Amino acid sequence: QRFGDQEQIRGYSDLKVTISYSSASVHTYLDVAFQSRAPSGPVDNITEILSADLPARCASLEEFKKHLPDHFSPFGERISEFTIQGPNKRARTRQLQSSSSGQSSSLVSRDTDRKYEIFKAVLKESEAAQALHKRLNMFAVFFIESAGVIEYDDEAWIFYALVERSREDKTSDAVVGFALTYRFWHPKGHRSRVSQVVVLPPFQRKGFGARLLSAIYDDVVRDDCHEITVEDPCPEFQALRDRTDFLAIHLAGLFPLPGGQSEPCVFSAPTKEEMAAIRNQLRLTPRQIERCFEIWWLSHLDKTDESQYRAYRLLVKRRLDRDNRIMFATIVDQDRKARLDAMYKELEDSYSRIVSSIKEAI
């Protein structure tokens, strides 16, 4: 977003740009190193271009080091907390179990549990939340293609931050991730739109995105939200959303019971009663509920039964055809069928990955 449509920095050879940040207050240090600068032609001023994204940039490495170790300053309201047991403690538990059967244990005992907290604030009402979001927004710019500017005087913006608290072997707190929601007026309450969810690089692919999204869901439901929506999700976030929504419906016991061994599954879209029950309890959109039902049926599908597999494909394709009616109206029948087949295949692959990741839950 900062270096043109081609996303290339111009005018340097052997360029290396390093942005270091403190883990909790997100002070930054920008280091630009290169072999040589082009004698002619355009040369990007990297420091100047990135300065707006680094509001807490330190002028020197020595100044940056003054912010280490780093500690988080709470803001707003703490809406959730949880603890994750560290790998060393799990290993120690296994070792102690072995010791109880007569085997020796040489593992040093120390607490490696990690405590996490999630904070929430209306951005307009919290200068501390504004300051932290301004510093974290560089990650939204780096990882979200369409990340835009936030108007801090708009009371509809809600900011969430997930924080890892310091422990024995780590002297600093750390911001794990953050999110934004936007409140829209609705006759039956309000609609909450999830606009950003960002997990910082050291914590990605460890389940924190799901933790944060689930906490947001719980919070907006407590706040009498009528419906939870998501702004233009990328495929990766849509998969996270599908998995989170699926587990929420499953844990609430709101999926229909599949057929028994002598009774094949009857694949169907959610009934009006099922849709109403889920929307009332979890505030999900109708389209998301349909997608979650498709994942549910896939988890019980016997692909070796061709009639069963065909019934499932027809269920999903009918919904895809309906949701893409406007696009399909401009495509000839042969191309439309090929496009629908490709969309189905991509969706089934995504659903299959979700089912594989949650086998223990279902």
# chains A, B, ... in the order shown; residues from 1 in each chain; ligands from 1
call {"tool": "select_by_dssp", "arguments": {"residues": "segment 107-332 of chain A", "states": "alpha helix (DSSP H)", "output": "count of residues only"}}
result
96
call {"tool": "residues_around", "arguments": {"residues": "segment 149-160 of chain A", "least_positions_apart": "5", "cutoff": "10 Å", "atoms": "only C-alpha atoms", "output": "ChimeraX atom specification"}}
result
/A:75-79,118-127,129-130,132-134,137,141,177-185,192-197,212-213,215-216
call {"tool": "closest_residue", "arguments": {"among": "A:His186, A:His27, A:Lys272, A:Arg114", "to": "Phe64 of chain A", "atoms": "only C-alpha atoms"}}
result
A:His27
call {"tool": "atom_distance", "arguments": {"atom1": "atom CA of Ala24 of chain A", "atom2": "atom CA of Gly148 of chain A"}}
result
23.1 Å
call {"tool": "residues_around", "arguments": {"residues": "segment 57-62 of chain A", "least_positions_apart": "4", "cutoff": "7 Å", "atoms": "only C-alpha atoms", "output": "list in words"}}
result
His27, Thr28, Tyr29 and Lys66 of chain A
call {"tool": "residues_around", "arguments": {"residues": "segment 305-315 of chain A", "least_positions_apart": "6", "cutoff": "12 Å", "atoms": "only C-alpha atoms", "output": "ChimeraX atom specification"}}
result
/A:263-270,290-291,293-299,321-322,340-341,343-345,347-348
call {"tool": "atom_distance", "arguments": {"atom1": "atom CA of Phe72 of chain A", "atom2": "atom CA of Val199 of chain A"}}
result
16.6 Å
call {"tool": "decode", "arguments": {"residues": "segment 331-352 of chain A", "atoms": "N, CA, C and O atoms", "output": "tab-separated table (two decimals), in the first residue's frame"}}
result
chain	number	residue	atom	x	y	z
A	331	ILE	N	-23.35	-14.84	-17.51
A	331	ILE	CA	-22.50	-15.92	-18.04
A	331	ILE	C	-23.37	-16.94	-18.78
A	331	ILE	O	-24.47	-17.29	-18.33
A	332	VAL	N	-22.91	-17.42	-19.92
A	332	VAL	CA	-23.64	-18.43	-20.67
A	332	VAL	C	-23.67	-19.72	-19.87
A	332	VAL	O	-22.82	-19.98	-19.01
A	333	ASP	N	-24.65	-20.59	-20.17
A	333	ASP	CA	-24.91	-21.78	-19.35
A	333	ASP	C	-23.68	-22.68	-19.20
A	333	ASP	O	-23.39	-23.17	-18.10
A	334	GLN	N	-22.93	-22.90	-20.29
A	334	GLN	CA	-21.79	-23.81	-20.21
A	334	GLN	C	-20.72	-23.26	-19.28
A	334	GLN	O	-20.16	-23.99	-18.45
A	335	ASP	N	-20.42	-21.97	-19.40
A	335	ASP	CA	-19.43	-21.35	-18.53
A	335	ASP	C	-19.93	-21.28	-17.09
A	335	ASP	O	-19.16	-21.40	-16.14
A	336	ARG	N	-21.24	-21.07	-16.96
A	336	ARG	CA	-21.83	-21.00	-15.62
A	336	ARG	C	-21.66	-22.32	-14.88
A	336	ARG	O	-21.31	-22.35	-13.70
A	337	LYS	N	-21.89	-23.44	-15.57
A	337	LYS	CA	-21.75	-24.75	-14.94
A	337	LYS	C	-20.30	-25.00	-14.53
A	337	LYS	O	-20.03	-25.48	-13.43
A	338	ALA	N	-19.36	-24.64	-15.42
A	338	ALA	CA	-17.94	-24.82	-15.10
A	338	ALA	C	-17.54	-23.95	-13.91
A	338	ALA	O	-16.79	-24.40	-13.02
A	339	ARG	N	-18.03	-22.74	-13.87
A	339	ARG	CA	-17.71	-21.83	-12.77
A	339	ARG	C	-18.30	-22.35	-11.46
A	339	ARG	O	-17.65	-22.30	-10.41
A	340	LEU	N	-19.53	-22.84	-11.52
A	340	LEU	CA	-20.18	-23.37	-10.32
A	340	LEU	C	-19.44	-24.60	-9.81
A	340	LEU	O	-19.24	-24.76	-8.59
A	341	ASP	N	-19.01	-25.47	-10.71
A	341	ASP	CA	-18.24	-26.65	-10.31
A	341	ASP	C	-16.93	-26.26	-9.62
A	341	ASP	O	-16.54	-26.86	-8.61
A	342	ALA	N	-16.26	-25.24	-10.18
A	342	ALA	CA	-14.99	-24.79	-9.60
A	342	ALA	C	-15.21	-24.17	-8.21
A	342	ALA	O	-14.43	-24.41	-7.28
A	343	MET	N	-16.28	-23.39	-8.08
A	343	MET	CA	-16.59	-22.79	-6.78
A	343	MET	C	-16.90	-23.87	-5.74
A	343	MET	O	-16.47	-23.78	-4.59
A	344	TYR	N	-17.65	-24.88	-6.17
A	344	TYR	CA	-17.97	-25.96	-5.24
A	344	TYR	C	-16.70	-26.69	-4.80
A	344	TYR	O	-16.52	-26.97	-3.61
A	345	LYS	N	-15.83	-27.02	-5.75
A	345	LYS	CA	-14.61	-27.76	-5.42
A	345	LYS	C	-13.75	-26.97	-4.43
A	345	LYS	O	-13.23	-27.54	-3.45
A	346	GLU	N	-13.60	-25.68	-4.67
A	346	GLU	CA	-12.82	-24.83	-3.76
A	346	GLU	C	-13.44	-24.81	-2.37
A	346	GLU	O	-12.75	-24.87	-1.35
A	347	LEU	N	-14.78	-24.74	-2.33
A	347	LEU	CA	-15.47	-24.69	-1.04
A	347	LEU	C	-15.36	-26.01	-0.29
A	347	LEU	O	-15.10	-26.03	0.92
A	348	GLU	N	-15.52	-27.11	-1.00
A	348	GLU	CA	-15.40	-28.41	-0.34
A	348	GLU	C	-13.99	-28.62	0.22
A	348	GLU	O	-13.82	-29.16	1.32
A	349	ASP	N	-12.99	-28.17	-0.51
A	349	ASP	CA	-11.62	-28.29	-0.01
A	349	ASP	C	-11.45	-27.50	1.29
A	349	ASP	O	-10.82	-27.97	2.24
A	350	SER	N	-12.02	-26.29	1.30
A	350	SER	CA	-11.94	-25.46	2.51
A	350	SER	C	-12.69	-26.11	3.66
A	350	SER	O	-12.18	-26.19	4.79
A	351	TYR	N	-13.88	-26.60	3.40
A	351	TYR	CA	-14.65	-27.28	4.44
A	351	TYR	C	-13.91	-28.51	4.97
A	351	TYR	O	-13.92	-28.78	6.17
A	352	SER	N	-13.29	-29.26	4.07
A	352	SER	CA	-12.58	-30.48	4.47
A	352	SER	C	-11.44	-30.17	5.43
A	352	SER	O	-11.18	-30.91	6.38
